[in-house]
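Data block for target_24.cif (mmCIF, C-alpha atoms (C1' of nucleotides); chains and numbers go by the auth columns):
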```cif
data_model
#
loop_
_atom_site.group_PDB
_atom_site.id
_atom_site.type_symbol
_atom_site.label_atom_id
_atom_site.label_comp_id
_atom_site.label_asym_id
_atom_site.label_seq_id
_atom_site.Cartn_x
_atom_site.Cartn_y
_atom_site.Cartn_z
_atom_site.B_iso_or_equiv
_atom_site.auth_seq_id
_atom_site.auth_asym_id
ATOM 1 C CA MET A 1 -22.573 -26.726 33.864 0.00 1 P
ATOM 2 C CA SER A 2 -25.326 -25.129 31.839 0.00 2 P
ATOM 3 C CA LEU A 3 -26.929 -21.963 33.137 0.00 3 P
ATOM 4 C CA THR A 4 -30.281 -23.446 32.098 0.00 4 P
ATOM 5 C CA LEU A 5 -29.953 -26.409 34.496 0.00 5 P
ATOM 6 C CA SER A 6 -33.190 -26.573 36.450 0.00 6 P
ATOM 7 C CA ALA A 7 -32.927 -26.492 40.235 0.00 7 P
ATOM 8 C CA ASN A 8 -36.235 -28.272 40.794 0.00 8 P
ATOM 9 C CA THR A 9 -36.312 -30.745 37.906 0.00 9 P
ATOM 10 C CA VAL A 10 -34.597 -34.133 37.950 0.00 10 P
ATOM 11 C CA VAL A 11 -34.767 -37.097 35.599 0.00 11 P
ATOM 12 C CA VAL A 12 -34.863 -40.498 37.304 0.00 12 P
ATOM 13 C CA LEU A 13 -33.570 -43.072 34.855 0.00 13 P
ATOM 14 C CA ASP A 14 -32.905 -46.783 34.519 0.00 14 P
ATOM 15 C CA PHE A 15 -31.138 -48.810 31.823 0.00 15 P
ATOM 16 C CA GLU A 16 -31.669 -52.442 30.922 0.00 16 P
ATOM 17 C CA THR A 17 -28.517 -53.747 29.272 0.00 17 P
ATOM 18 C CA THR A 18 -26.923 -56.845 27.766 0.00 18 P
ATOM 19 C CA GLY A 19 -24.623 -57.194 30.799 0.00 19 P
ATOM 20 C CA LEU A 20 -22.714 -55.358 33.473 0.00 20 P
ATOM 21 C CA SER A 21 -19.939 -53.582 31.663 0.00 21 P
ATOM 22 C CA PRO A 22 -19.811 -51.360 28.566 0.00 22 P
ATOM 23 C CA ASN A 23 -16.029 -51.838 28.692 0.00 23 P
ATOM 24 C CA GLN A 24 -16.635 -55.525 27.972 0.00 24 P
ATOM 25 C CA GLY A 25 -18.852 -54.769 24.981 0.00 25 P
ATOM 26 C CA ASP A 26 -22.215 -54.649 26.724 0.00 26 P
ATOM 27 C CA ARG A 27 -24.849 -52.298 25.317 0.00 27 P
ATOM 28 C CA ALA A 28 -28.087 -50.728 26.468 0.00 28 P
ATOM 29 C CA ILE A 29 -31.294 -52.436 25.315 0.00 29 P
ATOM 30 C CA GLU A 30 -33.895 -50.260 27.065 0.00 30 P
ATOM 31 C CA ILE A 31 -34.030 -46.843 28.684 0.00 31 P
ATOM 32 C CA GLY A 32 -36.826 -45.725 30.971 0.00 32 P
ATOM 33 C CA ALA A 33 -37.080 -42.399 32.749 0.00 33 P
ATOM 34 C CA VAL A 34 -39.445 -40.062 34.525 0.00 34 P
ATOM 35 C CA LYS A 35 -39.034 -36.310 34.800 0.00 35 P
ATOM 36 C CA LEU A 36 -39.859 -34.910 38.237 0.00 36 P
ATOM 37 C CA GLU A 37 -40.728 -31.272 38.816 0.00 37 P
ATOM 38 C CA ASN A 38 -40.924 -30.514 42.534 0.00 38 P
ATOM 39 C CA GLY A 39 -41.587 -34.202 43.161 0.00 39 P
ATOM 40 C CA VAL A 40 -44.363 -34.549 40.580 0.00 40 P
ATOM 41 C CA ILE A 41 -43.972 -36.673 37.430 0.00 41 P
ATOM 42 C CA VAL A 42 -44.420 -34.348 34.461 0.00 42 P
ATOM 43 C CA ASP A 43 -42.997 -36.511 31.648 0.00 43 P
ATOM 44 C CA ARG A 44 -41.959 -40.084 30.859 0.00 44 P
ATOM 45 C CA PHE A 45 -39.532 -41.722 28.414 0.00 45 P
ATOM 46 C CA GLN A 46 -39.406 -45.411 27.515 0.00 46 P
ATOM 47 C CA LYS A 47 -37.735 -47.035 24.508 0.00 47 P
ATOM 48 C CA LEU A 48 -36.320 -50.419 23.616 0.00 48 P
ATOM 49 C CA MET A 49 -33.187 -50.255 21.482 0.00 49 P
ATOM 50 C CA ASN A 50 -31.522 -52.810 19.243 0.00 50 P
ATOM 51 C CA PRO A 51 -27.882 -53.386 20.294 0.00 51 P
ATOM 52 C CA GLY A 52 -26.998 -55.111 17.022 0.00 52 P
ATOM 53 C CA PHE A 53 -26.440 -58.556 18.502 0.00 53 P
ATOM 54 C CA ARG A 54 -28.485 -61.193 20.290 0.00 54 P
ATOM 55 C CA VAL A 55 -28.964 -60.917 24.043 0.00 55 P
ATOM 56 C CA SER A 56 -28.243 -63.911 26.246 0.00 56 P
ATOM 57 C CA SER A 57 -30.991 -66.136 27.612 0.00 57 P
ATOM 58 C CA PHE A 58 -30.058 -64.880 31.069 0.00 58 P
ATOM 59 C CA ILE A 59 -30.830 -61.280 30.089 0.00 59 P
ATOM 60 C CA ALA A 60 -34.006 -62.284 28.242 0.00 60 P
ATOM 61 C CA ASN A 61 -35.214 -64.132 31.343 0.00 61 P
ATOM 62 C CA TYR A 62 -34.050 -61.424 33.749 0.00 62 P
ATOM 63 C CA THR A 63 -35.696 -58.536 31.912 0.00 63 P
ATOM 64 C CA GLY A 64 -38.401 -60.174 29.835 0.00 64 P
ATOM 65 C CA ILE A 65 -36.927 -58.391 26.831 0.00 65 P
ATOM 66 C CA THR A 66 -36.580 -60.895 23.989 0.00 66 P
ATOM 67 C CA ASN A 67 -34.528 -60.875 20.818 0.00 67 P
ATOM 68 C CA ALA A 68 -37.793 -60.731 18.864 0.00 68 P
ATOM 69 C CA MET A 69 -38.748 -57.526 20.690 0.00 69 P
ATOM 70 C CA LEU A 70 -35.335 -55.995 20.021 0.00 70 P
ATOM 71 C CA ALA A 71 -35.408 -56.960 16.343 0.00 71 P
ATOM 72 C CA GLU A 72 -38.294 -54.520 15.889 0.00 72 P
ATOM 73 C CA ALA A 73 -36.716 -51.733 17.965 0.00 73 P
ATOM 74 C CA ASP A 74 -34.829 -48.674 16.745 0.00 74 P
ATOM 75 C CA ASP A 75 -31.065 -48.829 17.014 0.00 75 P
ATOM 76 C CA CYS A 76 -29.251 -47.440 20.049 0.00 76 P
ATOM 77 C CA ALA A 77 -28.106 -44.298 18.251 0.00 77 P
ATOM 78 C CA THR A 78 -31.620 -43.240 17.289 0.00 78 P
ATOM 79 C CA VAL A 79 -33.010 -43.814 20.775 0.00 79 P
ATOM 80 C CA MET A 80 -30.100 -42.213 22.570 0.00 80 P
ATOM 81 C CA HIS A 81 -30.332 -39.046 20.447 0.00 81 P
ATOM 82 C CA ASN A 82 -33.931 -38.695 21.609 0.00 82 P
ATOM 83 C CA PHE A 83 -32.966 -39.454 25.196 0.00 83 P
ATOM 84 C CA ALA A 84 -30.151 -36.891 25.139 0.00 84 P
ATOM 85 C CA ASP A 85 -32.779 -34.309 24.209 0.00 85 P
ATOM 86 C CA PHE A 86 -35.049 -35.549 27.013 0.00 86 P
ATOM 87 C CA ILE A 87 -32.456 -35.078 29.778 0.00 87 P
ATOM 88 C CA GLN A 88 -31.137 -31.737 28.575 0.00 88 P
ATOM 89 C CA GLY A 89 -30.941 -29.226 31.409 0.00 89 P
ATOM 90 C CA CYS A 90 -31.747 -31.777 34.126 0.00 90 P
ATOM 91 C CA ASN A 91 -29.874 -33.404 36.945 0.00 91 P
ATOM 92 C CA LEU A 92 -30.086 -37.196 37.055 0.00 92 P
ATOM 93 C CA VAL A 93 -30.977 -39.836 39.629 0.00 93 P
ATOM 94 C CA ALA A 94 -30.536 -43.610 39.427 0.00 94 P
ATOM 95 C CA HIS A 95 -30.367 -46.568 41.803 0.00 95 P
ATOM 96 C CA ASN A 96 -26.694 -47.533 41.907 0.00 96 P
ATOM 97 C CA ALA A 97 -26.048 -44.555 39.664 0.00 97 P
ATOM 98 C CA SER A 98 -22.481 -45.502 38.787 0.00 98 P
ATOM 99 C CA PHE A 99 -23.882 -48.388 36.736 0.00 99 P
ATOM 100 C CA ASP A 100 -26.358 -46.265 34.748 0.00 100 P
ATOM 101 C CA GLN A 101 -23.846 -43.456 34.370 0.00 101 P
ATOM 102 C CA ARG A 102 -21.336 -45.823 32.757 0.00 102 P
ATOM 103 C CA PHE A 103 -23.902 -46.917 30.183 0.00 103 P
ATOM 104 C CA LEU A 104 -25.209 -43.387 29.597 0.00 104 P
ATOM 105 C CA ASP A 105 -21.666 -42.125 29.060 0.00 105 P
ATOM 106 C CA ALA A 106 -20.807 -45.039 26.764 0.00 106 P
ATOM 107 C CA GLU A 107 -23.942 -44.781 24.621 0.00 107 P
ATOM 108 C CA LEU A 108 -23.716 -40.980 24.309 0.00 108 P
ATOM 109 C CA ASP A 109 -20.022 -41.273 23.467 0.00 109 P
ATOM 110 C CA VAL A 110 -20.944 -43.454 20.481 0.00 110 P
ATOM 111 C CA ILE A 111 -23.180 -40.706 19.054 0.00 111 P
ATOM 112 C CA GLN A 112 -20.942 -37.877 20.271 0.00 112 P
ATOM 113 C CA ARG A 113 -23.594 -36.331 22.468 0.00 113 P
ATOM 114 C CA ASP A 114 -23.215 -35.026 26.012 0.00 114 P
ATOM 115 C CA TYR A 115 -25.376 -33.993 28.953 0.00 115 P
ATOM 116 C CA ASP A 116 -25.162 -31.088 31.331 0.00 116 P
ATOM 117 C CA GLY A 117 -26.528 -32.541 34.570 0.00 117 P
ATOM 118 C CA THR A 118 -24.830 -34.529 37.308 0.00 118 P
ATOM 119 C CA PHE A 119 -25.864 -37.780 38.973 0.00 119 P
ATOM 120 C CA ALA A 120 -27.162 -38.546 42.437 0.00 120 P
ATOM 121 C CA CYS A 121 -27.498 -42.125 43.655 0.00 121 P
ATOM 122 C CA SER A 122 -30.586 -43.362 45.515 0.00 122 P
ATOM 123 C CA LEU A 123 -28.680 -46.458 46.685 0.00 123 P
ATOM 124 C CA LEU A 124 -25.968 -44.437 48.432 0.00 124 P
ATOM 125 C CA VAL A 125 -28.489 -42.031 49.981 0.00 125 P
ATOM 126 C CA SER A 126 -30.625 -44.959 51.122 0.00 126 P
ATOM 127 C CA ARG A 127 -27.660 -46.644 52.820 0.00 127 P
ATOM 128 C CA ARG A 128 -27.219 -43.507 54.911 0.00 128 P
ATOM 129 C CA LEU A 129 -30.803 -42.458 55.633 0.00 129 P
ATOM 130 C CA THR A 130 -32.402 -45.866 56.207 0.00 130 P
ATOM 131 C CA GLN A 131 -29.597 -47.840 57.804 0.00 131 P
ATOM 132 C CA ASP A 132 -32.147 -50.226 59.338 0.00 132 P
ATOM 133 C CA ALA A 133 -33.301 -51.500 55.941 0.00 133 P
ATOM 134 C CA PRO A 134 -32.365 -55.198 55.629 0.00 134 P
ATOM 135 C CA SER A 135 -31.237 -54.663 52.041 0.00 135 P
ATOM 136 C CA HIS A 136 -30.811 -51.743 49.681 0.00 136 P
ATOM 137 C CA LYS A 137 -31.760 -53.612 46.531 0.00 137 P
ATOM 138 C CA LEU A 138 -34.412 -51.626 44.691 0.00 138 P
ATOM 139 C CA GLY A 139 -37.049 -54.333 45.024 0.00 139 P
ATOM 140 C CA GLU A 140 -36.356 -54.809 48.726 0.00 140 P
ATOM 141 C CA LEU A 141 -36.582 -51.058 49.377 0.00 141 P
ATOM 142 C CA VAL A 142 -39.912 -50.897 47.539 0.00 142 P
ATOM 143 C CA ALA A 143 -41.233 -53.535 49.950 0.00 143 P
ATOM 144 C CA TYR A 144 -39.561 -51.943 52.996 0.00 144 P
ATOM 145 C CA HIS A 145 -41.107 -48.530 52.310 0.00 145 P
ATOM 146 C CA GLN A 146 -44.383 -50.031 51.010 0.00 146 P
ATOM 147 C CA ILE A 147 -43.993 -48.089 47.758 0.00 147 P
ATOM 148 C CA ASP A 148 -46.848 -48.458 45.279 0.00 148 P
ATOM 149 C CA ASN A 149 -45.855 -50.511 42.265 0.00 149 P
ATOM 150 C CA ASP A 150 -47.380 -52.557 39.467 0.00 150 P
ATOM 151 C CA GLY A 151 -45.389 -55.712 40.263 0.00 151 P
ATOM 152 C CA VAL A 152 -43.091 -55.254 37.269 0.00 152 P
ATOM 153 C CA PHE A 153 -39.354 -55.211 37.988 0.00 153 P
ATOM 154 C CA HIS A 154 -36.275 -55.219 35.769 0.00 154 P
ATOM 155 C CA ARG A 155 -38.021 -53.200 33.078 0.00 155 P
ATOM 156 C CA ALA A 156 -36.663 -49.722 32.596 0.00 156 P
ATOM 157 C CA LEU A 157 -39.724 -47.504 33.019 0.00 157 P
ATOM 158 C CA ALA A 158 -41.160 -49.546 35.903 0.00 158 P
ATOM 159 C CA ASP A 159 -37.847 -49.417 37.752 0.00 159 P
ATOM 160 C CA ALA A 160 -37.456 -45.689 37.033 0.00 160 P
ATOM 161 C CA GLU A 161 -40.921 -45.022 38.441 0.00 161 P
ATOM 162 C CA VAL A 162 -40.333 -46.880 41.716 0.00 162 P
ATOM 163 C CA THR A 163 -36.892 -45.272 42.000 0.00 163 P
ATOM 164 C CA ALA A 164 -38.601 -41.890 41.670 0.00 164 P
ATOM 165 C CA SER A 165 -40.973 -42.882 44.485 0.00 165 P
ATOM 166 C CA LEU A 166 -38.027 -44.030 46.590 0.00 166 P
ATOM 167 C CA TRP A 167 -36.302 -40.703 45.920 0.00 167 P
ATOM 168 C CA GLN A 168 -39.372 -38.908 47.208 0.00 168 P
ATOM 169 C CA VAL A 169 -39.444 -41.126 50.327 0.00 169 P
ATOM 170 C CA LEU A 170 -35.821 -40.197 51.014 0.00 170 P
ATOM 171 C CA LEU A 171 -36.577 -36.481 50.575 0.00 171 P
ATOM 172 C CA ASP A 172 -39.594 -36.835 52.878 0.00 172 P
ATOM 173 C CA THR A 173 -37.376 -38.540 55.469 0.00 173 P
ATOM 174 C CA LEU A 174 -35.122 -35.473 55.559 0.00 174 P
ATOM 175 C CA GLN A 175 -38.136 -33.295 56.248 0.00 175 P
ATOM 176 C CA SER A 176 -39.822 -35.546 58.814 0.00 176 P
ATOM 177 C CA ASP A 177 -36.768 -36.809 60.727 0.00 177 P
ATOM 178 C CA TYR A 178 -34.446 -33.814 60.466 0.00 178 P
ATOM 179 C CA SER A 179 -36.803 -30.866 59.829 0.00 179 P
ATOM 180 C CA ILE A 180 -34.916 -30.002 56.646 0.00 180 P
ATOM 181 C CA THR A 181 -37.367 -27.945 54.587 0.00 181 P
ATOM 182 C CA ASN A 182 -37.090 -28.342 50.815 0.00 182 P
ATOM 183 C CA PRO A 183 -33.997 -30.585 50.690 0.00 183 P
ATOM 184 C CA ASP A 184 -32.349 -30.079 47.316 0.00 184 P
ATOM 185 C CA PHE A 185 -30.373 -32.160 44.846 0.00 185 P
ATOM 186 C CA SER A 186 -26.967 -30.937 45.994 0.00 186 P
ATOM 187 C CA LEU A 187 -27.765 -31.913 49.586 0.00 187 P
ATOM 188 C CA MET A 188 -28.616 -35.429 48.381 0.00 188 P
ATOM 189 C CA GLN A 189 -25.267 -35.587 46.577 0.00 189 P
ATOM 190 C CA LYS A 190 -23.502 -34.506 49.778 0.00 190 P
ATOM 191 C CA ILE A 191 -25.349 -37.151 51.798 0.00 191 P
ATOM 192 C CA ALA A 192 -24.305 -39.824 49.315 0.00 192 P
ATOM 193 C CA LYS A 193 -20.632 -38.993 49.845 0.00 193 P
ATOM 194 C CA MET A 194 -20.764 -38.583 53.613 0.00 194 P
ATOM 195 C CA PRO A 195 -19.296 -41.209 55.961 0.00 195 P
ATOM 196 C CA LYS A 196 -22.189 -43.186 57.423 0.00 196 P
ATOM 197 C CA GLY A 197 -21.032 -42.579 60.970 0.00 197 P
ATOM 198 C CA SER A 198 -21.271 -38.801 60.729 0.00 198 P
ATOM 199 C CA ILE A 199 -24.509 -38.526 58.759 0.00 199 P
ATOM 200 C CA ASP A 200 -26.777 -38.001 61.762 0.00 200 P
ATOM 201 C CA GLN A 201 -24.723 -35.146 63.171 0.00 201 P
ATOM 202 C CA PHE A 202 -24.440 -33.524 59.741 0.00 202 P
ATOM 203 C CA LEU A 203 -28.179 -33.647 59.096 0.00 203 P
ATOM 204 C CA LYS A 204 -29.107 -32.283 62.504 0.00 204 P
ATOM 205 C CA LYS A 205 -27.037 -29.205 61.665 0.00 205 P
ATOM 206 C CA GLN A 206 -28.940 -28.802 58.386 0.00 206 P
ATOM 207 C CA GLY A 207 -32.366 -28.808 59.983 0.00 207 P
ATOM 208 C "C1'" DT B 1 -3.772 -70.082 28.436 0.00 1 W
ATOM 209 C "C1'" DG B 2 -6.743 -67.947 31.244 0.00 2 W
ATOM 210 C "C1'" DC B 3 -8.623 -64.101 32.660 0.00 3 W
ATOM 211 C "C1'" DC B 4 -12.610 -60.884 32.185 0.00 4 W
ATOM 212 C "C1'" DA B 5 -16.988 -54.589 35.899 0.00 5 W
ATOM 213 C "C1'" DG B 6 -16.570 -51.054 39.014 0.00 6 W
ATOM 214 C "C1'" DG B 7 -17.419 -48.525 43.077 0.00 7 W
ATOM 215 C "C1'" DC B 8 -18.820 -48.515 47.811 0.00 8 W
ATOM 216 C "C1'" DC B 9 -18.232 -50.221 52.409 0.00 9 W
ATOM 217 C "C1'" DC B 10 -17.037 -53.138 56.272 0.00 10 W
ATOM 218 C "C1'" DT B 11 -13.520 -55.577 58.878 0.00 11 W
ATOM 219 C "C1'" DC B 12 -10.363 -60.326 61.284 0.00 12 W
ATOM 220 C "C1'" DT B 13 -7.945 -53.150 57.193 0.00 13 W
ATOM 221 C "C1'" DT B 14 -4.526 -49.651 54.992 0.00 14 W
ATOM 222 C "C1'" DT B 15 1.465 -54.317 52.119 0.00 15 W
ATOM 223 C "C1'" DA B 16 -6.341 -57.055 51.764 0.00 16 W
ATOM 224 C "C1'" DG B 17 -10.340 -59.503 51.048 0.00 17 W
ATOM 225 C "C1'" DG B 18 -14.997 -60.020 50.283 0.00 18 W
ATOM 226 C "C1'" DG B 19 -20.086 -58.726 50.276 0.00 19 W
ATOM 227 C "C1'" DC B 20 -23.381 -55.531 48.277 0.00 20 W
ATOM 228 C "C1'" DC B 21 -25.526 -53.341 44.241 0.00 21 W
ATOM 229 C "C1'" DT B 22 -26.496 -52.585 39.113 0.00 22 W
ATOM 230 C "C1'" DT B 23 -27.690 -56.126 34.056 0.00 23 W
#
```
This entry written out as structure tokens:
Amino acid sequence: MSLTLSANTVVVLDFETTGLSPNQGDRAIEIGAVKLENGVIVDRFQKLMNPGFRVSSFIANYTGITNAMLAEADDCATVMHNFADFIQGCNLVAHNASFDQRFLDAELDVIQRDYDGTFACSLLVSRRLTQDAPSHKLGELVAYHQIDNDGVFHRALADAEVTASLWQVLLDTLQSDYSITNPDFSLMQKIAKMPKGSIDQFLKKQG
DNA sequence: TGCCAGGCCCTCTTTAGGGCCTT
């Protein structure tokens, strides 16, 4: 891990893609991200990218991203080079991070770039900290926590922004419910891996 | 020909199956 990795800066990111699996030939079509410094958004990144083939009608309807929009976009390599620069030195957060990590790894592998941060998953943390939530879908959690939003979902920057707000809600929960002052990224990673049954006892020891 | 994601998590579990999440 890089010595320049920032302790207080994370990038919350979200991909829109042509499908669920890069192993099955799916590609990224949009990346959106916000950079958080001590919980405050200090930078944003949003780019459509042309995967080189037409997206299905399902994806066009699901995301609102059309083939006409993608025809005018830069190719994936160009966008991902810029995004690799954007995330340099930062840890990463995503909702269901294993999905976004697979696409990030696949797209950066194509252009032979790498990143120095590690991922934390807001879905896994949410399942442990707000076990009463009826669902841990991003949209459902936005409603559950009454998170401000512009009504846009399944677009990369909009989803990254509400995920960043959710991340902050989860950090605030650690402070308010467990008296954990300044919970950090590595604690969130530990929470994500902890058995649900022992999370309460673990957090009470942290406070 | 027919199949086709992958990881987490629960339970009627561990020699398994299925729902939840992401697009």
(request) Pick out the chain P residues within 6 Å of chain W. Count all atoms listed in the file. Give them as JSON, numbers by chain. (result) {"P": [17, 19, 20, 21, 96, 99]}
(request) To verify the selection step, state as a list in words which residues the PyMOL selection byres ((chain P and resi 78) around 12) yields on this input. (result) Lys47, Leu48, Met49, Asn50, Pro51, Ala73, Asp74, Asp75, Cys76, Ala77, Val79, Met80, His81, Asn82, Phe83, Ala84, Asp85, Glu107, Leu108, Val110, Ile111 and Arg113 of chain P
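Picture a line from CA of Val34 (chain P) to CA of Gln112 (chain P); it runs 23.5 Å.
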(request) Please evaluate the PyMOL selection byres ((chain P and resi 183-185) around 9) against the displayed coordinates and give the resulting residues as number ranges by chain. (result) P: 7-8, 10, 91, 120, 171-172, 174-175, 180-182, 186-190
(message) Applying 9 Å and only C-alpha atoms (C1' of nucleotides), which residues near Gly117 (chain P) remain after dropping the ones on its own chain fewer than 3 positions away? List them as a ChimeraX atom specification.
(response) /P:1-2,5,10,87-92
Emit the selected residues as a PDB file, in the coordinates of the input, including C-alpha atoms.
```
ATOM      1  CA  MET P   1     -22.573 -26.726  33.864  1.00  0.00           C
ATOM      2  CA  SER P   2     -25.326 -25.129  31.839  1.00  0.00           C
ATOM      3  CA  LEU P   5     -29.953 -26.409  34.496  1.00  0.00           C
ATOM      4  CA  VAL P  10     -34.597 -34.133  37.950  1.00  0.00           C
ATOM      5  CA  ILE P  87     -32.456 -35.078  29.778  1.00  0.00           C
ATOM      6  CA  GLN P  88     -31.137 -31.737  28.575  1.00  0.00           C
ATOM      7  CA  GLY P  89     -30.941 -29.226  31.409  1.00  0.00           C
ATOM      8  CA  CYS P  90     -31.747 -31.777  34.126  1.00  0.00           C
ATOM      9  CA  ASN P  91     -29.874 -33.404  36.945  1.00  0.00           C
ATOM     10  CA  LEU P  92     -30.086 -37.196  37.055  1.00  0.00           C
TER      11      LEU P  92
END
```
Find the axis-aligned box for region 39-50 of chain P, covering all its listed atoms and adding 6 Å on each side, and write its centre and edge lengths in Å to one decimal as AutoDock Vina command-line options.
```
--center_x -38.0 --center_y -43.5 --center_z 31.2 --size_x 24.9 --size_y 30.6 --size_z 35.9
```
(message) Once the PyMOL selection byres ((chain P and resi 93) around 9) has been evaluated on this model, what residues remain selected, and can you format them as number ranges by chain?
(response) P: 10-14, 91-92, 94-95, 97, 118-122, 163-164, 167
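Note that the spacing between CA of Ile31 (chain P) and CA of Arg155 (chain P) amounts to 8.7 Å.
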(message) Quick one: residues within 8 Å of Lys137 (chain P), all atoms listed in the file, excluding same-chain residues fewer than 2 positions away - as a ChimeraX atom specification?
(response) /P:123,135,139-141 /W:21
Which residues, written as a JSON list (two decimals) with C-alpha atoms, in the coordinates of the input, have at least one atom at most 6 Å from Leu157 (chain P), with all atoms listed in the file counted and residues fewer than 6 positions away on the same chain left out?
```json
[["chain", "number", "residue", "atom", "x", "y", "z"],
["P", 32, "GLY", "CA", -36.83, -45.72, 30.97],
["P", 33, "ALA", "CA", -37.08, -42.40, 32.75],
["P", 46, "GLN", "CA", -39.41, -45.41, 27.52]]
```
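For Phe53 (chain P), the residues within 12 Å (counting all atoms listed in the file, excluding itself and residues fewer than 3 positions away along the chain) are Thr17, Thr18, Gly25, Asp26, Arg27, Ala28, Ile29, Met49, Asn50, Ser56, Thr66, Asn67, Ala68, Leu70, Ala71, Asp75 and Cys76 of chain P.
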(message) What's around Ala133 (chain P) at 7 Å? Count only C-alpha atoms (C1' of nucleotides), leave out sequence neighbours fewer than 3 positions away in its own chain, and write the answer as number ranges by chain.
(response) P: 130, 136, 144
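Between CA of Leu170 (chain P) and CA of Ile147 (chain P) there is a distance of 11.8 Å.
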Would you mind writing region 140-146 of chain P with all heavy atoms, as a PDB file, keeping the file's coordinate frame?
```
ATOM      1  N   GLU P 140     -36.227 -54.667  47.275  1.00  0.00           N
ATOM      2  CA  GLU P 140     -36.356 -54.809  48.726  1.00  0.00           C
ATOM      3  C   GLU P 140     -36.765 -53.478  49.365  1.00  0.00           C
ATOM      4  O   GLU P 140     -37.540 -53.449  50.328  1.00  0.00           O
ATOM      5  CB  GLU P 140     -35.031 -55.281  49.316  1.00  0.00           C
ATOM      6  CG  GLU P 140     -34.535 -56.600  48.773  1.00  0.00           C
ATOM      7  CD  GLU P 140     -35.175 -57.802  49.466  1.00  0.00           C
ATOM      8  OE1 GLU P 140     -35.751 -57.627  50.543  1.00  0.00           O
ATOM      9  OE2 GLU P 140     -35.098 -58.910  48.892  1.00  0.00           O
ATOM     10  N   LEU P 141     -36.228 -52.365  48.829  1.00  0.00           N
ATOM     11  CA  LEU P 141     -36.582 -51.058  49.377  1.00  0.00           C
ATOM     12  C   LEU P 141     -38.027 -50.695  49.059  1.00  0.00           C
ATOM     13  O   LEU P 141     -38.707 -50.051  49.864  1.00  0.00           O
ATOM     14  CB  LEU P 141     -35.631 -49.987  48.826  1.00  0.00           C
ATOM     15  CG  LEU P 141     -34.204 -50.048  49.373  1.00  0.00           C
ATOM     16  CD1 LEU P 141     -33.291 -49.099  48.605  1.00  0.00           C
ATOM     17  CD2 LEU P 141     -34.164 -49.723  50.864  1.00  0.00           C
ATOM     18  N   VAL P 142     -38.502 -51.121  47.898  1.00  0.00           N
ATOM     19  CA  VAL P 142     -39.912 -50.897  47.539  1.00  0.00           C
ATOM     20  C   VAL P 142     -40.813 -51.586  48.565  1.00  0.00           C
ATOM     21  O   VAL P 142     -41.803 -51.012  49.031  1.00  0.00           O
ATOM     22  CB  VAL P 142     -40.191 -51.403  46.117  1.00  0.00           C
ATOM     23  CG1 VAL P 142     -41.688 -51.497  45.846  1.00  0.00           C
ATOM     24  CG2 VAL P 142     -39.528 -50.481  45.094  1.00  0.00           C
ATOM     25  N   ALA P 143     -40.447 -52.816  48.947  1.00  0.00           N
ATOM     26  CA  ALA P 143     -41.233 -53.535  49.950  1.00  0.00           C
ATOM     27  C   ALA P 143     -41.079 -52.886  51.323  1.00  0.00           C
ATOM     28  O   ALA P 143     -42.064 -52.691  52.049  1.00  0.00           O
ATOM     29  CB  ALA P 143     -40.780 -54.996  49.991  1.00  0.00           C
ATOM     30  N   TYR P 144     -39.852 -52.522  51.672  1.00  0.00           N
ATOM     31  CA  TYR P 144     -39.561 -51.943  52.996  1.00  0.00           C
ATOM     32  C   TYR P 144     -40.345 -50.656  53.231  1.00  0.00           C
ATOM     33  O   TYR P 144     -40.885 -50.419  54.314  1.00  0.00           O
ATOM     34  CB  TYR P 144     -38.057 -51.691  53.099  1.00  0.00           C
ATOM     35  CG  TYR P 144     -37.589 -51.085  54.402  1.00  0.00           C
ATOM     36  CD1 TYR P 144     -37.453 -51.863  55.546  1.00  0.00           C
ATOM     37  CD2 TYR P 144     -37.263 -49.725  54.477  1.00  0.00           C
ATOM     38  CE1 TYR P 144     -37.008 -51.305  56.739  1.00  0.00           C
ATOM     39  CE2 TYR P 144     -36.819 -49.169  55.669  1.00  0.00           C
ATOM     40  CZ  TYR P 144     -36.697 -49.963  56.794  1.00  0.00           C
ATOM     41  OH  TYR P 144     -36.258 -49.407  57.973  1.00  0.00           O
ATOM     42  N   HIS P 145     -40.411 -49.819  52.185  1.00  0.00           N
ATOM     43  CA  HIS P 145     -41.107 -48.530  52.310  1.00  0.00           C
ATOM     44  C   HIS P 145     -42.567 -48.613  51.869  1.00  0.00           C
ATOM     45  O   HIS P 145     -43.259 -47.595  51.861  1.00  0.00           O
ATOM     46  CB  HIS P 145     -40.384 -47.460  51.471  1.00  0.00           C
ATOM     47  CG  HIS P 145     -39.013 -47.100  51.972  1.00  0.00           C
ATOM     48  ND1 HIS P 145     -38.786 -46.498  53.188  1.00  0.00           N
ATOM     49  CD2 HIS P 145     -37.785 -47.278  51.414  1.00  0.00           C
ATOM     50  CE1 HIS P 145     -37.480 -46.298  53.350  1.00  0.00           C
ATOM     51  NE2 HIS P 145     -36.852 -46.776  52.298  1.00  0.00           N
ATOM     52  N   GLN P 146     -43.006 -49.818  51.478  1.00  0.00           N
ATOM     53  CA  GLN P 146     -44.383 -50.031  51.010  1.00  0.00           C
ATOM     54  C   GLN P 146     -44.727 -49.063  49.873  1.00  0.00           C
ATOM     55  O   GLN P 146     -45.772 -48.401  49.879  1.00  0.00           O
ATOM     56  CB  GLN P 146     -45.364 -49.886  52.169  1.00  0.00           C
ATOM     57  CG  GLN P 146     -45.105 -50.928  53.268  1.00  0.00           C
ATOM     58  CD  GLN P 146     -46.064 -50.798  54.439  1.00  0.00           C
ATOM     59  OE1 GLN P 146     -46.156 -49.748  55.069  1.00  0.00           O
ATOM     60  NE2 GLN P 146     -46.796 -51.866  54.724  1.00  0.00           N
TER      61      GLN P 146
END
```
